[in-house]
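Undergrad: Attaching a single structure in structure tokens format; questions to follow.
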Amino acid sequence: MSSSKFELTEINGVHRIKIPVPFPVKYICVYLFKLQGKNILIDAGLNMGNWKKKLFSAFEDINISIRDIDYCIITHIHTDHIGLVKVLKQKNPELKILMHDITHDLLKWETNDEQLPELEQEARLTANQLINYGLSEEQGNRIVQFFTYWPKFLEYQKPDIVVHDGDILFERLEIIWTPGHSFGHICIFDKENKYLFSGDHILSRITPHIGNFIIPTDMAEKYKNHDFKNILKHYLISLDKIDKLNPKIIFPAHQEIIYNPHERIQQIKEHHQNRLTEISRLIKDNPMTAYRISQIHFGEDLDEMNSYMALSEVLGHLFYLEAEDKVKAIESNGKLLYYC
């Protein structure tokens, strides 16, 4: 069933609610299904414009009320996935909110006004690093504004259940920690039906942004065994974890449902390998900043937000190559130049 407001699809008991947004992703999908008599919602959608009204209208078309939903599992902290979590809890206090430990820590930190000075400090440190990678001072200042602006769209909601990698819910839903697009990102795997709810980890036509994150000092210490810098390695390992599960269908948060999971995973891995090869070829005996690499690789006609995303993506690949000892960096006039 579809309408001008949203699109509903039902696949073997899984309801996909697909609602348009004025962003490059074009649509956000949340999923609703019943398990052991409980209604389970994957992700809480976006708290902007009339998205909430459209979501509740979709619930009505499925003949369900927000008060009938028992659990909401959040895949990651981004505003289009966690935006309505507080609203849903207010409308149904009995609803159990689930999120990963890292997602909860980040949400608590980013929404705490008392932590704003630390957030600004960490944003400035990140911006200074990006200036070293080739951005201008002016661009660095706007990066600080970006990192301190977006958390304003988040509201803190304490989860009823904090989940971790490998947790099993309802005897068949496995939590798979899949860092990459977000450090606290999780996928949810229905072991019986072999369905994977992938959030932004695996999409049907594009690869999710793999970049760098602002991590508070306390969290960096708490998760000191994890390499926050080499996020592409985390992502590729996460892809292999999913592939080994041999999912039958992947339900992503954007784009189309994926009926060829293994093939799609291999395509994504090949994409990143090609990007690693292309970047290596570009800087062979030709040192240049990560920003200049991003301009050559993605083009120079991007808007500022996409220019930052392109730089972040290139850095994710450079850090991976650096960890593999396949590229080196030298400093020249206050900028880091990469070469191999």
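Each chain in the structure tokens gets a letter, A, B, ..., in the order shown, and its residues are numbered from 1; ligands are numbered from 1 in order too.
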Write out as JSON lines a residue-level contact list of range 209-233 of chain A versus range 102-115 of chain A with cut-off 9 Å: for each qualifying residue the closest pair of atoms and the distance in Å to one decimal, counting only C-alpha atoms, rows sorted by chain and residue number upward.
TA:
{"residue": "A:Ile215", "atom": "CA", "partner": "A:Leu106", "partner_atom": "CA", "distance": 7.9}
{"residue": "A:Pro216", "atom": "CA", "partner": "A:Trp109", "partner_atom": "CA", "distance": 7.8}
{"residue": "A:Met219", "atom": "CA", "partner": "A:Asp105", "partner_atom": "CA", "distance": 7.6}
Undergrad: For Phe228 in chain A, find every residue with an atom within 12 Å (counting only C-alpha atoms), except residues of its own chain fewer than 3 positions away, and show them as a ChimeraX atom specification.
TA: /A:179-180,182-184,210-217,219-225,231-235,316,319-320
Undergrad: Take the residues from that selection and put them in a file with N, CA and C atoms, as an mmCIF file, in the first residue's frame.
TA:
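As a result, out-v3.cif now contains:
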data_model
loop_
_atom_site.group_PDB
_atom_site.id
_atom_site.type_symbol
_atom_site.label_atom_id
_atom_site.label_comp_id
_atom_site.auth_asym_id
_atom_site.auth_seq_id
_atom_site.Cartn_x
_atom_site.Cartn_y
_atom_site.Cartn_z
ATOM 1 N N PRO A 179 30.225 -1.385 14.052
ATOM 2 C CA PRO A 179 30.765 -0.024 13.956
ATOM 3 C C PRO A 179 31.273 0.284 12.556
ATOM 4 N N GLY A 180 31.174 1.527 12.180
ATOM 5 C CA GLY A 180 31.622 1.966 10.860
ATOM 6 C C GLY A 180 30.951 3.275 10.515
ATOM 7 N N SER A 182 28.551 4.542 12.257
ATOM 8 C CA SER A 182 28.490 5.125 13.599
ATOM 9 C C SER A 182 29.169 4.128 14.526
ATOM 10 N N PHE A 183 29.875 4.637 15.535
ATOM 11 C CA PHE A 183 30.662 3.702 16.346
ATOM 12 C C PHE A 183 29.786 2.780 17.191
ATOM 13 N N GLY A 184 28.585 3.233 17.541
ATOM 14 C CA GLY A 184 27.686 2.384 18.323
ATOM 15 C C GLY A 184 26.649 1.659 17.487
ATOM 16 N N ILE A 210 31.681 6.334 5.811
ATOM 17 C CA ILE A 210 32.616 5.807 6.801
ATOM 18 C C ILE A 210 33.591 6.935 7.116
ATOM 19 N N GLY A 211 33.536 7.436 8.327
ATOM 20 C CA GLY A 211 34.371 8.592 8.635
ATOM 21 C C GLY A 211 34.924 8.561 10.028
ATOM 22 N N ASN A 212 35.011 9.725 10.613
ATOM 23 C CA ASN A 212 35.641 9.886 11.917
ATOM 24 C C ASN A 212 34.645 10.502 12.889
ATOM 25 N N PHE A 213 34.801 10.195 14.145
ATOM 26 C CA PHE A 213 33.827 10.601 15.145
ATOM 27 C C PHE A 213 34.478 11.429 16.241
ATOM 28 N N ILE A 214 33.655 12.264 16.848
ATOM 29 C CA ILE A 214 34.087 12.949 18.067
ATOM 30 C C ILE A 214 33.743 12.039 19.244
ATOM 31 N N ILE A 215 34.740 11.680 20.004
ATOM 32 C CA ILE A 215 34.568 10.768 21.125
ATOM 33 C C ILE A 215 34.987 11.481 22.405
ATOM 34 N N PRO A 216 34.107 11.560 23.408
ATOM 35 C CA PRO A 216 34.506 12.199 24.667
ATOM 36 C C PRO A 216 35.643 11.450 25.340
ATOM 37 N N THR A 217 36.405 12.178 26.137
ATOM 38 C CA THR A 217 37.590 11.605 26.780
ATOM 39 C C THR A 217 37.243 10.379 27.617
ATOM 40 N N MET A 219 34.784 8.284 27.284
ATOM 41 C CA MET A 219 34.457 7.141 26.429
ATOM 42 C C MET A 219 35.696 6.548 25.796
ATOM 43 N N ALA A 220 36.619 7.412 25.387
ATOM 44 C CA ALA A 220 37.859 6.923 24.787
ATOM 45 C C ALA A 220 38.601 6.027 25.769
ATOM 46 N N GLU A 221 38.546 6.379 27.037
ATOM 47 C CA GLU A 221 39.194 5.561 28.064
ATOM 48 C C GLU A 221 38.415 4.266 28.290
ATOM 49 N N LYS A 222 37.086 4.376 28.315
ATOM 50 C CA LYS A 222 36.229 3.207 28.544
ATOM 51 C C LYS A 222 36.403 2.162 27.445
ATOM 52 N N TYR A 223 36.582 2.645 26.216
ATOM 53 C CA TYR A 223 36.704 1.736 25.070
ATOM 54 C C TYR A 223 38.107 1.802 24.485
ATOM 55 N N LYS A 224 39.088 1.875 25.349
ATOM 56 C CA LYS A 224 40.469 2.059 24.910
ATOM 57 C C LYS A 224 41.001 0.866 24.123
ATOM 58 N N ASN A 225 40.339 -0.270 24.219
ATOM 59 C CA ASN A 225 40.780 -1.433 23.453
ATOM 60 C C ASN A 225 40.350 -1.370 21.988
ATOM 61 N N ILE A 231 38.505 3.367 11.525
ATOM 62 C CA ILE A 231 37.105 2.960 11.512
ATOM 63 C C ILE A 231 36.776 2.085 10.309
ATOM 64 N N LEU A 232 37.501 2.239 9.196
ATOM 65 C CA LEU A 232 37.230 1.395 8.035
ATOM 66 C C LEU A 232 37.515 -0.073 8.352
ATOM 67 N N LYS A 233 38.547 -0.330 9.139
ATOM 68 C CA LYS A 233 38.833 -1.712 9.544
ATOM 69 C C LYS A 233 37.651 -2.285 10.321
ATOM 70 N N HIS A 234 37.113 -1.499 11.256
ATOM 71 C CA HIS A 234 35.929 -1.941 12.000
ATOM 72 C C HIS A 234 34.793 -2.270 11.040
ATOM 73 N N TYR A 235 34.584 -1.392 10.067
ATOM 74 C CA TYR A 235 33.461 -1.573 9.149
ATOM 75 C C TYR A 235 33.620 -2.848 8.323
ATOM 76 N N GLY A 316 39.262 8.095 6.327
ATOM 77 C CA GLY A 316 39.002 6.732 6.783
ATOM 78 C C GLY A 316 39.829 5.721 6.007
ATOM 79 N N PHE A 319 43.736 6.269 6.855
ATOM 80 C CA PHE A 319 44.095 5.706 8.163
ATOM 81 C C PHE A 319 44.196 4.185 8.088
ATOM 82 N N TYR A 320 43.320 3.584 7.292
ATOM 83 C CA TYR A 320 43.382 2.131 7.085
ATOM 84 C C TYR A 320 44.701 1.755 6.412
#
Undergrad: May I have all residues of range 40-261 of chain A that DSSP, computed from the backbone, assigns to helix (DSSP H, G or I), given as an NGL selection string?
TA: :A and (51-61 or 66-68 or 79-82 or 85-91 or 101-110 or 113-132 or 137-153 or 217-222 or 231-245 or 261)
Undergrad: Please provide as a PyMOL selection string all residues within 8 Å of Ser294 in chain A, with the sequence filter that same-chain residues fewer than 5 positions apart are discarded (counting only C-alpha atoms).
TA: chain A and resi 299+307+310-311+314
Undergrad: Keeping N, CA and C atoms for every residue in the selection just given, could you write it to a file as a PDB file, in the first residue's frame?
TA:
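Done, and the output landed in out39.pdb:
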ATOM      1  N   GLY A 299      35.664  15.229  -6.682  1.00  0.00           N
ATOM      2  CA  GLY A 299      35.315  16.428  -7.434  1.00  0.00           C
ATOM      3  C   GLY A 299      35.402  17.674  -6.570  1.00  0.00           C
ATOM      4  N   SER A 307      31.687  18.276   0.944  1.00  0.00           N
ATOM      5  CA  SER A 307      33.157  18.376   0.899  1.00  0.00           C
ATOM      6  C   SER A 307      33.762  17.804   2.170  1.00  0.00           C
ATOM      7  N   ALA A 310      33.380  14.050   2.073  1.00  0.00           N
ATOM      8  CA  ALA A 310      34.366  13.457   1.164  1.00  0.00           C
ATOM      9  C   ALA A 310      35.731  13.376   1.842  1.00  0.00           C
ATOM     10  N   LEU A 311      36.112  14.450   2.543  1.00  0.00           N
ATOM     11  CA  LEU A 311      37.388  14.441   3.267  1.00  0.00           C
ATOM     12  C   LEU A 311      37.385  13.359   4.338  1.00  0.00           C
ATOM     13  N   VAL A 314      37.833   9.957   2.753  1.00  0.00           N
ATOM     14  CA  VAL A 314      39.212   9.736   2.328  1.00  0.00           C
ATOM     15  C   VAL A 314      40.109   9.459   3.534  1.00  0.00           C
TER      16      VAL A 314
END
Undergrad: For each of A:Gln157, A:Ser312, A:Thr178, A:Asn230, take the minimum atom-to-atom distance to Asp243 in chain A, counting only C-alpha atoms, then give the residue where this is smallest.
TA: A:Thr178
Undergrad: Which residue out of A:Lys194, A:His78, A:Lys18, A:Lys328 has the minimum interatomic distance to Ile242 in chain A when only C-alpha atoms are used?
TA: A:Lys194
Undergrad: Considering only C-alpha atoms, state which residue in the set A:Ala123, A:Leu46, A:Leu116, A:Leu302 is at the smallest distance from Asp80 in chain A.
TA: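 Residue with the minimum atom-to-atom distance to Asp80 in chain A: A:Leu46.
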Undergrad: Env of range 246-256 of chain A: 9 Å cut, atoms = only C-alpha atoms, seq-sep filter 5 positions within chain, self excluded. Answer as a VMD selection string.
TA: chain A and resid 16 18 25 to 31 43 81 189 to 191 193 to 206 261 to 262
Undergrad: Using only C-alpha atoms, which of the listed residues (A:Asp285, A:Asp218, A:Asp61, A:Glu138) sits closest to Glu122 in chain A?
TA: A:Asp218
Undergrad: Would you compute the distance between CA of Gly83 in chain A and CA of Phe23 in chain A? Give it in Å to one decimal.
TA: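 Computing the Euclidean distance for CA of Gly83 in chain A and CA of Phe23 in chain A yields 14.9 Å.
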Undergrad: Using only C-alpha atoms, pick whichever of A:Asp227, A:Glu120, A:Glu155, A:Glu174 has the shortest atom-to-atom distance to Val85 in chain A.
TA: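 Under the stated criterion, the closest residue is A:Glu155.
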Undergrad: Determine, counting only C-alpha atoms, which protein, DNA and RNA residues have an atom within 12 Å of an atom of range 89-95 of chain A; residues of the same chain fewer than 2 positions away are not included. Present the result as a ChimeraX atom specification.
TA: /A:38-41,44,56,65-73,82-87,97-98,155-161
Undergrad: Those same residues - C-alpha atoms - I'd like them written as a short mmCIF file (atom, residue, chain, number, x, y, z; two decimals), in the first residue's frame.
TA:
data_model
loop_
_atom_site.label_atom_id
_atom_site.label_comp_id
_atom_site.auth_asym_id
_atom_site.auth_seq_id
_atom_site.Cartn_x
_atom_site.Cartn_y
_atom_site.Cartn_z
CA LYS A 38 5.10 -8.41 21.17
CA ASN A 39 5.18 -5.60 18.61
CA ILE A 40 8.76 -4.59 17.84
CA LEU A 41 9.77 -1.38 16.06
CA ALA A 44 12.47 5.78 15.92
CA PHE A 56 1.53 7.79 13.19
CA SER A 65 -1.48 2.34 17.93
CA ILE A 66 1.73 3.62 19.43
CA ARG A 67 0.40 2.17 22.70
CA ASP A 68 0.43 -1.27 21.09
CA ILE A 69 4.19 -1.16 20.42
CA ASP A 70 6.14 -3.01 23.08
CA TYR A 71 9.80 -2.51 22.06
CA CYS A 72 11.76 -0.02 19.96
CA ILE A 73 15.33 -1.00 19.05
CA ILE A 82 16.72 8.11 17.05
CA GLY A 83 14.84 11.39 16.56
CA LEU A 84 11.40 10.41 17.89
CA VAL A 85 12.56 8.12 20.68
CA LYS A 86 11.52 10.51 23.47
CA VAL A 87 8.18 11.26 21.79
CA ILE A 97 13.57 1.45 24.44
CA LEU A 98 16.70 -0.54 23.53
CA GLU A 155 16.72 14.60 22.97
CA TYR A 156 17.93 12.34 25.73
CA GLN A 157 15.85 9.29 26.50
CA LYS A 158 17.24 6.77 28.94
CA PRO A 159 17.01 3.28 27.43
CA ASP A 160 15.06 0.67 29.33
CA ILE A 161 17.48 -1.96 28.09
#
Undergrad: So what do you get for CA of Leu8 in chain A versus CA of Phe59 in chain A, distance-wise?
TA: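 It comes out at 9.7 Å.
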Undergrad: Between CA of Met48 in chain A and CA of Ile186 in chain A, what is the distance, to one decimal in Å?
TA: 23.4 Å
Undergrad: Need to verify the contact set: Ile143 in chain A, 10 Å, only C-alpha atoms, exclusion of same-chain residues closer than 4 positions in sequence. Can you return it as a ChimeraX atom specification?
TA: /A:123-124,126-128,130,135,137-139,147-149,304-305,308
Undergrad: Restricting it to C-alpha atoms, dump the selection as an mmCIF file, in the first residue's frame.
TA:
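File result-v3.cif, as written:
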data_model
loop_
_atom_site.group_PDB
_atom_site.id
_atom_site.type_symbol
_atom_site.label_atom_id
_atom_site.label_comp_id
_atom_site.auth_asym_id
_atom_site.auth_seq_id
_atom_site.Cartn_x
_atom_site.Cartn_y
_atom_site.Cartn_z
ATOM 1 C CA ALA A 123 34.971 19.713 18.048
ATOM 2 C CA ARG A 124 37.768 22.288 17.963
ATOM 3 C CA THR A 126 38.804 17.682 15.433
ATOM 4 C CA ALA A 127 38.625 20.843 13.331
ATOM 5 C CA ASN A 128 42.296 21.580 13.992
ATOM 6 C CA LEU A 130 41.135 18.607 9.661
ATOM 7 C CA LEU A 135 41.021 22.460 5.244
ATOM 8 C CA GLU A 137 40.868 27.956 9.023
ATOM 9 C CA GLU A 138 37.466 29.262 7.914
ATOM 10 C CA GLN A 139 36.304 25.779 6.969
ATOM 11 C CA PHE A 147 29.513 19.367 15.355
ATOM 12 C CA THR A 148 27.893 21.564 18.008
ATOM 13 C CA TYR A 149 24.739 22.232 15.955
ATOM 14 C CA GLU A 304 30.567 22.408 1.993
ATOM 15 C CA MET A 305 28.809 19.594 3.834
ATOM 16 C CA TYR A 308 33.602 17.561 4.575
#
Undergrad: Which of range 37-192 of chain A end up as strand (DSSP E) when DSSP is run on this backbone - answer as a list in words?
TA: Lys38, Asn39, Ile40, Leu41, Ile42, Tyr71, Cys72, Ile73, Lys96, Ile97, Leu98, Met99, His100, Ile161, Val162, Val163, Ile168, Leu169, Leu173, Glu174, Ile175, Ile176, Trp177, Ile186, Cys187, Ile188, Phe189 and Asp190 of chain A
